[in-house]
>>> print(open('my_file28.txt').read())   # compact mmCIF, C-alpha atoms
# COMPACT_ATOMS: atom_id res chain seq x y z
CA MET A 1 -30.06 2.22 20.62
CA LEU A 2 -32.07 -0.94 21.16
CA LYS A 3 -30.16 -4.21 21.00
CA LEU A 4 -31.72 -7.50 19.99
CA TYR A 5 -30.06 -10.82 20.66
CA SER A 6 -31.40 -13.03 17.92
CA TYR A 7 -30.88 -16.23 15.96
CA TRP A 8 -31.77 -16.16 12.29
CA ARG A 9 -33.97 -19.26 12.39
CA SER A 10 -35.58 -18.69 15.79
CA SER A 11 -39.20 -17.96 15.08
CA CYS A 12 -39.52 -16.07 18.36
CA SER A 13 -36.65 -13.77 17.31
CA TYR A 14 -38.24 -13.39 13.89
CA ARG A 15 -41.48 -12.13 15.51
CA VAL A 16 -39.64 -9.40 17.35
CA ARG A 17 -37.61 -8.39 14.28
CA ILE A 18 -40.87 -7.89 12.37
CA ALA A 19 -42.37 -5.82 15.20
CA LEU A 20 -39.28 -3.61 15.44
CA ASN A 21 -39.32 -3.05 11.68
CA LEU A 22 -43.05 -2.32 11.54
CA LYS A 23 -42.50 0.32 14.20
CA GLY A 24 -39.56 1.74 12.27
CA LEU A 25 -37.22 1.26 15.21
CA GLY A 26 -33.51 0.95 14.57
CA TYR A 27 -31.72 -1.75 16.53
CA GLU A 28 -28.41 -3.46 16.78
CA LEU A 29 -28.75 -7.15 16.06
CA ILE A 30 -26.46 -9.43 18.03
CA PRO A 31 -26.50 -12.99 16.74
CA ILE A 32 -26.54 -15.91 19.18
CA HIS A 33 -25.95 -19.18 17.41
CA LEU A 34 -28.29 -21.74 18.97
CA ALA A 35 -26.51 -24.79 17.55
CA LYS A 36 -22.78 -24.04 17.12
CA ASP A 37 -20.53 -25.50 19.86
CA GLY A 38 -23.56 -26.79 21.76
CA GLY A 39 -25.26 -23.40 21.56
CA GLU A 40 -23.84 -19.94 22.27
CA GLN A 41 -26.90 -19.26 24.45
CA HIS A 42 -25.39 -21.55 27.07
CA GLY A 43 -22.16 -19.51 27.30
CA ALA A 44 -21.44 -17.72 30.57
CA ALA A 45 -21.56 -14.24 29.01
CA TYR A 46 -25.01 -14.74 27.54
CA ARG A 47 -26.36 -16.56 30.57
CA ALA A 48 -25.37 -13.58 32.71
CA LEU A 49 -27.72 -11.49 30.58
CA ASN A 50 -30.41 -14.14 30.21
CA PRO A 51 -30.35 -17.05 32.68
CA GLN A 52 -33.04 -18.74 30.59
CA ALA A 53 -30.46 -19.18 27.81
CA ARG A 54 -32.96 -18.47 25.05
CA VAL A 55 -33.47 -15.87 22.35
CA PRO A 56 -34.77 -13.29 21.71
CA LEU A 57 -33.54 -10.84 24.31
CA LEU A 58 -34.08 -7.09 24.09
CA VAL A 59 -31.76 -4.58 25.73
CA ASP A 60 -33.05 -1.00 26.05
CA GLY A 61 -30.40 0.98 27.92
CA ASP A 62 -30.11 -0.68 31.33
CA PHE A 63 -33.30 -2.69 30.87
CA VAL A 64 -33.04 -6.30 29.76
CA LEU A 65 -36.15 -8.22 28.73
CA ASN A 66 -36.72 -11.75 27.52
CA GLN A 67 -39.72 -13.54 25.98
CA SER A 68 -40.93 -12.45 22.57
CA GLN A 69 -44.48 -11.49 23.54
CA ALA A 70 -43.38 -9.48 26.58
CA ILE A 71 -40.89 -7.72 24.30
CA ILE A 72 -43.49 -6.85 21.66
CA GLU A 73 -45.87 -5.62 24.36
CA TYR A 74 -43.11 -3.45 25.81
CA LEU A 75 -42.38 -2.00 22.36
CA GLU A 76 -46.10 -1.34 21.91
CA VAL A 77 -46.24 0.60 25.20
CA ARG A 78 -42.99 2.47 24.69
CA TYR A 79 -43.40 3.17 20.97
CA PRO A 80 -47.15 3.16 20.42
CA GLN A 81 -47.15 4.26 16.76
CA PRO A 82 -47.74 2.56 14.43
CA ALA A 83 -49.90 0.39 16.67
CA LEU A 84 -49.69 -3.39 16.47
CA LEU A 85 -52.86 -3.68 18.52
CA SER A 86 -55.86 -1.66 17.45
CA GLY A 87 -59.62 -1.61 17.72
CA ASP A 88 -61.71 -1.88 20.87
CA ALA A 89 -61.09 -4.20 23.81
CA ARG A 90 -62.79 -7.10 22.04
CA GLN A 91 -60.79 -6.71 18.85
CA GLN A 92 -57.55 -6.45 20.81
CA ALA A 93 -58.51 -9.57 22.74
CA ARG A 94 -59.13 -11.44 19.48
CA ILE A 95 -55.69 -10.41 18.22
CA ARG A 96 -54.10 -11.60 21.47
CA ALA A 97 -55.96 -14.91 21.36
CA PHE A 98 -54.84 -15.49 17.78
CA CYS A 99 -51.24 -14.84 18.82
CA GLN A 100 -51.47 -17.09 21.86
CA THR A 101 -52.69 -20.00 19.79
CA ILE A 102 -49.36 -19.87 17.99
CA THR A 103 -47.14 -18.84 20.90
CA ALA A 104 -48.58 -21.37 23.38
CA ASP A 105 -50.08 -24.19 21.31
CA VAL A 106 -47.80 -24.49 18.28
CA GLN A 107 -44.36 -22.92 18.51
CA PRO A 108 -43.40 -24.47 21.89
CA LEU A 109 -43.66 -27.90 20.29
CA GLN A 110 -41.22 -27.07 17.51
CA ASN A 111 -38.49 -25.28 19.38
CA SER A 112 -34.92 -26.49 19.36
CA GLY A 113 -34.95 -27.77 22.95
CA VAL A 114 -37.94 -29.98 22.25
CA LEU A 115 -36.49 -31.22 18.97
CA ASN A 116 -33.25 -32.10 20.77
CA TYR A 117 -35.17 -34.05 23.40
CA LEU A 118 -37.09 -35.96 20.71
CA GLU A 119 -33.86 -36.82 18.93
CA HIS A 120 -31.43 -37.50 21.75
CA THR A 121 -33.56 -38.60 24.69
CA LEU A 122 -36.49 -40.28 22.93
CA GLN A 123 -34.28 -41.42 20.02
CA LEU A 124 -36.88 -40.52 17.43
CA ASP A 125 -35.65 -40.72 13.87
CA ALA A 126 -35.97 -37.83 11.41
CA ASP A 127 -39.27 -39.09 9.99
CA ALA A 128 -40.91 -39.39 13.40
CA ARG A 129 -39.67 -35.90 14.31
CA THR A 130 -41.12 -34.53 11.09
CA ARG A 131 -44.46 -36.18 11.80
CA TRP A 132 -44.45 -34.58 15.27
CA LEU A 133 -43.75 -31.15 13.79
CA GLN A 134 -46.32 -31.50 11.04
CA HIS A 135 -48.95 -32.73 13.49
CA TRP A 136 -48.74 -29.78 15.87
CA ILE A 137 -48.13 -27.07 13.31
CA THR A 138 -50.88 -28.17 10.96
CA ARG A 139 -53.33 -28.66 13.82
CA GLY A 140 -52.73 -25.14 15.15
CA LEU A 141 -52.76 -23.39 11.79
CA ALA A 142 -55.88 -25.29 10.66
CA ALA A 143 -57.71 -24.16 13.81
CA LEU A 144 -56.72 -20.56 13.17
CA GLU A 145 -57.65 -20.90 9.49
CA GLN A 146 -61.17 -21.84 10.54
CA GLU A 147 -61.34 -18.67 12.65
CA VAL A 148 -60.02 -16.29 9.99
CA GLN A 149 -62.36 -17.81 7.40
CA MET A 150 -65.17 -16.27 9.46
CA LEU A 151 -63.66 -12.76 9.17
CA PRO A 152 -64.12 -10.47 6.17
CA ALA A 153 -61.38 -11.00 3.57
CA SER A 154 -58.42 -8.68 4.24
CA PRO A 155 -54.77 -8.36 3.30
CA PHE A 156 -53.62 -8.99 6.89
CA VAL A 157 -55.02 -11.27 9.58
CA PHE A 158 -57.03 -8.48 11.15
CA GLY A 159 -57.84 -5.89 8.51
CA GLY A 160 -55.93 -3.57 6.27
CA VAL A 161 -52.78 -2.93 8.30
CA PRO A 162 -50.32 -5.36 9.85
CA SER A 163 -50.91 -6.20 13.49
CA TRP A 164 -49.25 -8.27 16.19
CA ALA A 165 -51.04 -11.27 14.68
CA ASP A 166 -49.03 -10.94 11.46
CA CYS A 167 -45.79 -10.65 13.45
CA VAL A 168 -46.56 -14.05 14.96
CA LEU A 169 -48.18 -15.69 11.93
CA VAL A 170 -45.44 -15.11 9.38
CA PRO A 171 -42.66 -16.90 11.34
CA GLN A 172 -45.03 -19.81 12.02
CA VAL A 173 -45.90 -20.18 8.33
CA TYR A 174 -42.19 -20.02 7.51
CA SER A 175 -41.57 -22.90 9.93
CA ALA A 176 -44.52 -24.79 8.48
CA GLN A 177 -42.99 -24.53 5.01
CA ARG A 178 -39.58 -25.53 6.33
CA PHE A 179 -41.04 -28.67 7.91
CA GLY A 180 -43.14 -29.62 4.88
CA CYS A 181 -46.61 -28.96 6.29
CA ASP A 182 -49.60 -29.13 3.97
CA ALA A 183 -50.51 -25.50 3.23
CA SER A 184 -53.86 -26.58 1.78
CA ARG A 185 -54.98 -26.89 5.43
CA TYR A 186 -54.50 -23.15 5.98
CA PRO A 187 -54.83 -21.46 2.56
CA ARG A 188 -55.91 -18.04 3.74
CA LEU A 189 -53.20 -17.83 6.36
CA ALA A 190 -50.61 -18.91 3.79
CA HIS A 191 -51.91 -16.23 1.43
CA ILE A 192 -51.70 -13.55 4.12
CA ALA A 193 -48.17 -14.62 5.06
CA ALA A 194 -47.10 -14.51 1.40
CA HIS A 195 -48.50 -11.00 1.11
CA CYS A 196 -46.67 -9.89 4.25
CA GLU A 197 -43.43 -11.21 2.81
CA THR A 198 -43.66 -8.73 -0.05
CA LEU A 199 -43.30 -5.84 2.43
CA PRO A 200 -39.90 -4.45 3.43
CA ALA A 201 -40.54 -4.67 7.20
CA PHE A 202 -41.11 -8.40 6.85
CA GLN A 203 -38.37 -8.93 4.26
CA ARG A 204 -35.73 -7.34 6.47
CA ALA A 205 -36.81 -9.60 9.33
CA HIS A 206 -36.78 -12.80 7.28
CA PRO A 207 -34.39 -15.50 8.54
CA GLU A 208 -32.58 -15.78 5.24
CA THR A 209 -31.75 -12.07 5.10
CA GLN A 210 -30.15 -12.04 8.57
CA LEU A 211 -26.45 -11.45 8.93
CA ASP A 212 -26.08 -14.74 10.81
CA ALA A 213 -28.03 -16.78 8.24
CA VAL A 214 -26.32 -19.91 7.07
CA PRO A 215 -26.90 -20.47 3.32
CA ALA A 216 -28.66 -23.76 2.48
CA MET B 1 -72.99 -12.74 34.08
CA LEU B 2 -69.64 -14.01 32.83
CA LYS B 3 -69.47 -17.69 31.90
CA LEU B 4 -66.32 -19.75 32.06
CA TYR B 5 -65.98 -23.08 30.34
CA SER B 6 -63.44 -24.89 32.44
CA TYR B 7 -62.00 -28.26 33.37
CA TRP B 8 -60.99 -28.77 36.97
CA ARG B 9 -57.49 -30.05 36.20
CA SER B 10 -56.73 -27.75 33.24
CA SER B 11 -54.00 -25.43 34.43
CA CYS B 12 -55.04 -22.83 31.85
CA SER B 13 -58.59 -22.84 33.25
CA TYR B 14 -57.15 -22.63 36.77
CA ARG B 15 -55.24 -19.45 35.86
CA VAL B 16 -58.41 -17.75 34.71
CA ARG B 17 -60.41 -18.90 37.76
CA ILE B 18 -57.78 -17.29 40.00
CA ALA B 19 -57.86 -14.04 38.01
CA LEU B 20 -61.67 -13.88 38.14
CA ASN B 21 -61.62 -14.48 41.90
CA LEU B 22 -58.86 -11.94 42.56
CA LYS B 23 -60.96 -9.37 40.72
CA GLY B 24 -64.03 -10.36 42.71
CA LEU B 25 -65.99 -11.18 39.58
CA GLY B 26 -68.89 -13.59 39.79
CA TYR B 27 -69.10 -16.15 37.00
CA GLU B 28 -71.01 -19.21 36.00
CA LEU B 29 -68.69 -22.17 35.66
CA ILE B 30 -69.54 -24.65 32.94
CA PRO B 31 -67.48 -27.82 33.18
CA ILE B 32 -66.10 -29.42 30.03
CA HIS B 33 -64.69 -32.86 30.76
CA LEU B 34 -61.50 -33.20 28.73
CA ALA B 35 -61.24 -36.97 29.09
CA LYS B 36 -64.74 -38.49 29.39
CA ASP B 37 -66.08 -40.08 26.19
CA GLY B 38 -63.01 -38.97 24.25
CA GLY B 39 -63.35 -35.41 25.53
CA GLU B 40 -66.46 -33.21 25.70
CA GLN B 41 -64.45 -30.42 24.08
CA HIS B 42 -64.73 -32.30 20.79
CA GLY B 43 -68.55 -32.35 20.87
CA ALA B 44 -70.38 -30.38 18.20
CA ALA B 45 -72.02 -27.98 20.66
CA TYR B 46 -68.72 -26.95 22.23
CA ARG B 47 -66.87 -26.81 18.93
CA ALA B 48 -69.47 -24.37 17.64
CA LEU B 49 -68.43 -22.05 20.47
CA ASN B 50 -64.71 -22.84 20.31
CA PRO B 51 -63.42 -24.48 17.12
CA GLN B 52 -60.08 -24.98 18.87
CA ALA B 53 -61.78 -27.49 21.19
CA ARG B 54 -59.82 -26.36 24.23
CA VAL B 55 -60.55 -24.78 27.58
CA PRO B 56 -60.79 -22.21 29.04
CA LEU B 57 -63.36 -20.19 27.14
CA LEU B 58 -64.91 -16.98 28.46
CA VAL B 59 -68.33 -15.76 27.40
CA ASP B 60 -69.20 -12.15 28.22
CA GLY B 61 -72.65 -11.44 26.79
CA ASP B 62 -72.28 -11.98 23.04
CA PHE B 63 -68.49 -11.98 23.17
CA VAL B 64 -66.67 -15.32 23.17
CA LEU B 65 -62.95 -15.46 23.87
CA ASN B 66 -60.47 -18.31 24.09
CA GLN B 67 -56.86 -18.55 25.29
CA SER B 68 -56.14 -17.99 28.97
CA GLN B 69 -53.76 -15.07 28.61
CA ALA B 70 -56.00 -13.20 26.19
CA ILE B 71 -58.85 -13.76 28.64
CA ILE B 72 -56.92 -12.43 31.63
CA GLU B 73 -55.80 -9.41 29.61
CA TYR B 74 -59.41 -8.76 28.60
CA LEU B 75 -60.51 -8.97 32.25
CA GLU B 76 -57.72 -6.57 33.17
CA VAL B 77 -58.90 -4.03 30.59
CA ARG B 78 -62.59 -4.43 31.34
CA TYR B 79 -62.32 -4.70 35.14
CA PRO B 80 -59.11 -2.86 35.97
CA GLN B 81 -59.40 -3.01 39.78
CA PRO B 82 -57.80 -4.72 41.57
CA ALA B 83 -55.01 -4.66 38.99
CA LEU B 84 -53.13 -7.83 38.10
CA LEU B 85 -50.49 -5.78 36.33
CA SER B 86 -48.96 -2.87 38.17
CA GLY B 87 -45.86 -0.74 38.27
CA ASP B 88 -44.21 1.07 35.37
CA ALA B 89 -43.75 -0.28 31.84
CA ARG B 90 -40.61 -2.18 32.86
CA GLN B 91 -42.24 -3.85 35.83
CA GLN B 92 -45.26 -4.81 33.76
CA ALA B 93 -42.94 -6.23 31.11
CA ARG B 94 -41.15 -8.32 33.75
CA ILE B 95 -44.47 -9.71 34.96
CA ARG B 96 -45.44 -10.57 31.39
CA ALA B 97 -42.09 -12.24 30.70
CA PHE B 98 -42.43 -14.31 33.87
CA CYS B 99 -45.89 -15.44 32.76
CA GLN B 100 -44.74 -16.24 29.25
CA THR B 101 -41.98 -18.49 30.50
CA ILE B 102 -44.71 -20.67 31.96
CA THR B 103 -47.35 -20.23 29.29
CA ALA B 104 -45.00 -20.76 26.33
CA ASP B 105 -42.05 -22.79 27.64
CA VAL B 106 -43.55 -25.10 30.26
CA GLN B 107 -47.32 -25.63 30.20
CA PRO B 108 -47.57 -26.41 26.45
CA LEU B 109 -45.37 -29.47 27.02
CA GLN B 110 -47.64 -30.90 29.71
CA ASN B 111 -51.06 -30.41 28.19
CA SER B 112 -53.39 -33.30 27.58
CA GLY B 113 -53.00 -33.28 23.79
CA VAL B 114 -49.23 -33.64 24.08
CA LEU B 115 -49.51 -36.33 26.74
CA ASN B 116 -51.91 -38.26 24.50
CA TYR B 117 -49.45 -38.04 21.61
CA LEU B 118 -46.61 -39.29 23.80
CA GLU B 119 -48.71 -42.21 24.97
CA HIS B 120 -50.62 -43.26 21.88
CA THR B 121 -48.49 -42.16 18.95
CA LEU B 122 -44.99 -42.42 20.40
CA GLN B 123 -45.99 -45.33 22.67
CA LEU B 124 -44.05 -43.95 25.62
CA ASP B 125 -44.69 -45.78 28.86
CA ALA B 126 -45.76 -44.00 32.04
CA ASP B 127 -42.19 -43.64 33.33
CA ALA B 128 -40.96 -42.03 30.14
CA ARG B 129 -43.94 -39.67 30.14
CA THR B 130 -43.18 -38.70 33.73
CA ARG B 131 -39.54 -38.01 32.86
CA TRP B 132 -40.71 -35.78 30.00
CA LEU B 133 -43.00 -33.84 32.33
CA GLN B 134 -40.43 -33.51 35.07
CA HIS B 135 -37.77 -32.39 32.61
CA TRP B 136 -39.72 -29.49 31.15
CA ILE B 137 -41.49 -28.38 34.30
CA THR B 138 -38.38 -28.44 36.48
CA ARG B 139 -36.31 -26.71 33.81
CA GLY B 140 -38.79 -23.86 33.50
CA LEU B 141 -39.44 -23.40 37.19
CA ALA B 142 -35.71 -23.56 38.00
CA ALA B 143 -35.03 -20.80 35.46
CA LEU B 144 -37.74 -18.63 37.02
CA GLU B 145 -36.46 -19.45 40.50
CA GLN B 146 -33.10 -18.01 39.53
CA GLU B 147 -34.83 -14.81 38.43
CA VAL B 148 -37.00 -14.39 41.53
CA GLN B 149 -34.00 -15.07 43.78
CA MET B 150 -32.64 -11.74 42.50
CA LEU B 151 -35.77 -9.86 43.64
CA PRO B 152 -36.37 -8.65 47.20
CA ALA B 153 -38.17 -11.26 49.29
CA SER B 154 -41.95 -10.81 49.06
CA PRO B 155 -45.13 -12.78 49.73
CA PHE B 156 -46.04 -12.88 46.02
CA VAL B 157 -43.87 -13.18 42.92
CA PHE B 158 -43.80 -9.44 42.38
CA GLY B 159 -44.29 -7.69 45.70
CA GLY B 160 -46.95 -7.52 48.35
CA VAL B 161 -50.10 -8.12 46.32
CA PRO B 162 -51.01 -10.92 43.93
CA SER B 163 -50.35 -10.25 40.26
CA TRP B 164 -50.86 -12.02 36.97
CA ALA B 165 -47.61 -13.87 37.71
CA ASP B 166 -49.22 -15.59 40.70
CA CYS B 167 -52.26 -16.54 38.61
CA VAL B 168 -49.91 -18.41 36.27
CA LEU B 169 -47.42 -19.70 38.84
CA VAL B 170 -49.83 -21.43 41.22
CA PRO B 171 -51.35 -23.79 38.60
CA GLN B 172 -47.88 -24.63 37.33
CA VAL B 173 -46.62 -25.50 40.82
CA TYR B 174 -49.76 -27.60 41.34
CA SER B 175 -48.94 -29.54 38.15
CA ALA B 176 -45.32 -29.87 39.26
CA GLN B 177 -46.47 -31.47 42.52
CA ARG B 178 -48.89 -33.70 40.69
CA PHE B 179 -46.14 -34.98 38.42
CA GLY B 180 -43.61 -35.48 41.22
CA CYS B 181 -41.16 -32.69 40.36
CA ASP B 182 -38.36 -31.88 42.77
CA ALA B 183 -39.49 -28.72 44.59
CA SER B 184 -35.98 -28.17 45.95
CA ARG B 185 -35.17 -26.80 42.48
CA TYR B 186 -37.61 -23.92 42.98
CA PRO B 187 -37.97 -23.38 46.74
CA ARG B 188 -38.99 -19.74 46.67
CA LEU B 189 -41.60 -20.28 43.99
CA ALA B 190 -42.98 -23.26 45.92
CA HIS B 191 -43.13 -21.10 49.04
CA ILE B 192 -44.97 -18.31 47.21
CA ALA B 193 -47.43 -20.80 45.71
CA ALA B 194 -48.08 -22.32 49.14
CA HIS B 195 -48.76 -18.85 50.53
CA CYS B 196 -51.16 -18.07 47.68
CA GLU B 197 -53.06 -21.26 48.41
CA THR B 198 -53.95 -19.96 51.87
CA LEU B 199 -56.01 -17.17 50.28
CA PRO B 200 -59.71 -17.61 49.44
CA ALA B 201 -59.35 -16.37 45.82
CA PHE B 202 -56.85 -19.13 45.16
CA GLN B 203 -58.65 -21.75 47.24
CA ARG B 204 -61.90 -21.28 45.36
CA ALA B 205 -60.01 -21.69 42.08
CA HIS B 206 -58.15 -24.84 43.16
CA PRO B 207 -58.82 -27.91 40.97
CA GLU B 208 -59.90 -30.02 43.88
CA THR B 209 -62.59 -27.54 45.01
CA GLN B 210 -64.24 -27.41 41.56
CA LEU B 211 -67.70 -28.82 41.09
CA ASP B 212 -66.41 -31.10 38.31
CA ALA B 213 -63.45 -32.40 40.36
CA VAL B 214 -63.12 -36.15 40.46
CA PRO B 215 -62.04 -37.33 43.92
CA ALA B 216 -58.76 -39.26 43.95
>>> encode(input="my_file28.txt", output="structure tokens")
Amino acid sequence: MLKLYSYWRSSCSYRVRIALNLKGLGYELIPIHLAKDGGEQHGAAYRALNPQARVPLLVDGDFVLNQSQAIIEYLEVRYPQPALLSGDARQQARIRAFCQTITADVQPLQNSGVLNYLEHTLQLDADARTRWLQHWITRGLAALEQEVQMLPASPFVFGGVPSWADCVLVPQVYSAQRFGCDASRYPRLAHIAAHCETLPAFQRAHPETQLDAVPA
Amino acid sequence: MLKLYSYWRSSCSYRVRIALNLKGLGYELIPIHLAKDGGEQHGAAYRALNPQARVPLLVDGDFVLNQSQAIIEYLEVRYPQPALLSGDARQQARIRAFCQTITADVQPLQNSGVLNYLEHTLQLDADARTRWLQHWITRGLAALEQEVQMLPASPFVFGGVPSWADCVLVPQVYSAQRFGCDASRYPRLAHIAAHCETLPAFQRAHPETQLDAVPA
């Protein structure tokens, strides 16, 4: 059985949980608490599995793989149906570019390592950290909003079935809400994310339904 | 003919230039100066092509594609030989994970938008900005160094021919040098990058050989 090392609030873990659920794959979830005791990801046992000391991490038999997008690609190759990438080469490229805007231009600026650096090294107060988060998240989502506004209206980012783009979008919109971003800058994306969240595959992946979730 | 909108010092553009050269594909390079006059990428003409106002951007006939990794994947699908991804599903996944560590965990923290925010919004001085750059770049490359140290010695990151990993590594090592990072933290990666730079495909992609390069 597949194993996923995950943290409830990690948006990169959340992406992979959605992908696993959309593909109907069972998996054992192993929580790694990124904050408790300085972060369980820094413990020797976990570092032996993943020297990068990050989540998510997928274990498939004797194969260990880090990085959320490499993991989703691997799942797509190994378990092609239902497909998270569809259409011709151009359509697949558009889906990948959409994902990369979030995975390379937005999420890296909100991750816990960066937030720790802002707080402890740069000594930014909570308001300045929130402005940082809102700046990058809103900028990225507004750019993507402009792109999706040019597509025909559809329940998911790219058409009538969920794709890789929805796996990446929904965790980013969740983070945007958490950090108080202005959803009027990305109304269609917010609408798509809200629709996704009505579906069981997304609900079971949601941070607040995880076994390691900490109630507010 | 393919067109690439590029900036000489953009490491994301540099990745794509390497990939195009490794595949032996001719392309017209169209420089977009990211700094002059507040940045040509913000001009109306370029924004009409790429609302994200970033480089690189590939134009293939009537198809326009942004995001470096989506572009390289598209080239790989459309022009499969020579392959930048090879081996079985596990090996390909390892190559992708290596790339993502740079494209999602390192490069996003050094890009010009982030550096502008550090300087103008957070009012960090040049030393503090350099410490930021060195922190994230060295951390990422040191983590990857630990991973490649477990592989058999080889001229490229993954074996005897250049792969996607080398397309992403070489620009990151170039940035690391530019920002004064300590190469003793990633000796094997530095050695691989130096070897790559002896090859014409990499030399012709190098920032300082670009037609828009500004001499030091």
>>> interface_residues(input="my_file28.txt", of="chain B", to="chain A", cutoff="9 Å", atoms="all atoms listed in the file", output="PyMOL selection string")
chain B and resi 51-52+63+65-71+73-74+77-78+89-90+92-101+103-109+114+117+122+124+128+132+140+143-144+146-147
>>> write_last_selection(input="my_file28.txt", atoms="C-alpha atoms", output="mmCIF file, keeping the file's coordinate frame")
data_model
loop_
_atom_site.group_PDB
_atom_site.id
_atom_site.type_symbol
_atom_site.label_atom_id
_atom_site.label_comp_id
_atom_site.auth_asym_id
_atom_site.auth_seq_id
_atom_site.Cartn_x
_atom_site.Cartn_y
_atom_site.Cartn_z
ATOM 1 C CA PRO B 51 -63.420 -24.480 17.120
ATOM 2 C CA GLN B 52 -60.080 -24.980 18.870
ATOM 3 C CA PHE B 63 -68.490 -11.980 23.170
ATOM 4 C CA LEU B 65 -62.950 -15.460 23.870
ATOM 5 C CA ASN B 66 -60.470 -18.310 24.090
ATOM 6 C CA GLN B 67 -56.860 -18.550 25.290
ATOM 7 C CA SER B 68 -56.140 -17.990 28.970
ATOM 8 C CA GLN B 69 -53.760 -15.070 28.610
ATOM 9 C CA ALA B 70 -56.000 -13.200 26.190
ATOM 10 C CA ILE B 71 -58.850 -13.760 28.640
ATOM 11 C CA GLU B 73 -55.800 -9.410 29.610
ATOM 12 C CA TYR B 74 -59.410 -8.760 28.600
ATOM 13 C CA VAL B 77 -58.900 -4.030 30.590
ATOM 14 C CA ARG B 78 -62.590 -4.430 31.340
ATOM 15 C CA ALA B 89 -43.750 -0.280 31.840
ATOM 16 C CA ARG B 90 -40.610 -2.180 32.860
ATOM 17 C CA GLN B 92 -45.260 -4.810 33.760
ATOM 18 C CA ALA B 93 -42.940 -6.230 31.110
ATOM 19 C CA ARG B 94 -41.150 -8.320 33.750
ATOM 20 C CA ILE B 95 -44.470 -9.710 34.960
ATOM 21 C CA ARG B 96 -45.440 -10.570 31.390
ATOM 22 C CA ALA B 97 -42.090 -12.240 30.700
ATOM 23 C CA PHE B 98 -42.430 -14.310 33.870
ATOM 24 C CA CYS B 99 -45.890 -15.440 32.760
ATOM 25 C CA GLN B 100 -44.740 -16.240 29.250
ATOM 26 C CA THR B 101 -41.980 -18.490 30.500
ATOM 27 C CA THR B 103 -47.350 -20.230 29.290
ATOM 28 C CA ALA B 104 -45.000 -20.760 26.330
ATOM 29 C CA ASP B 105 -42.050 -22.790 27.640
ATOM 30 C CA VAL B 106 -43.550 -25.100 30.260
ATOM 31 C CA GLN B 107 -47.320 -25.630 30.200
ATOM 32 C CA PRO B 108 -47.570 -26.410 26.450
ATOM 33 C CA LEU B 109 -45.370 -29.470 27.020
ATOM 34 C CA VAL B 114 -49.230 -33.640 24.080
ATOM 35 C CA TYR B 117 -49.450 -38.040 21.610
ATOM 36 C CA LEU B 122 -44.990 -42.420 20.400
ATOM 37 C CA LEU B 124 -44.050 -43.950 25.620
ATOM 38 C CA ALA B 128 -40.960 -42.030 30.140
ATOM 39 C CA TRP B 132 -40.710 -35.780 30.000
ATOM 40 C CA GLY B 140 -38.790 -23.860 33.500
ATOM 41 C CA ALA B 143 -35.030 -20.800 35.460
ATOM 42 C CA LEU B 144 -37.740 -18.630 37.020
ATOM 43 C CA GLN B 146 -33.100 -18.010 39.530
ATOM 44 C CA GLU B 147 -34.830 -14.810 38.430
#
>>> atom_distance(input="my_file28.txt", atom1="CA of Gly38 (chain A)", atom2="CA of Cys181 (chain B)")
26.3 Å
>>> residues_around(input="my_file28.txt", residues="Val16 (chain A)", least_positions_apart="2", cutoff="12 Å", atoms="only C-alpha atoms", output="MDAnalysis selection string")
chainID A and resid 2:8 10:14 18:23 25 27 29 55:58 65:76 84 164:171 201:202 204:207
>>> atom_distance(input="my_file28.txt", atom1="CA of Ala153 (chain B)", atom2="CA of Pro80 (chain B)")
26.2 Å
>>> axis_aligned_box(input="my_file28.txt", around="region 153-172 of chain B", padding_each_side="3 Å", output="JSON")
{"center_x": -45.2, "center_y": -16.1, "center_z": 43.0, "size_x": 20.1, "size_y": 23.1, "size_z": 19.5}
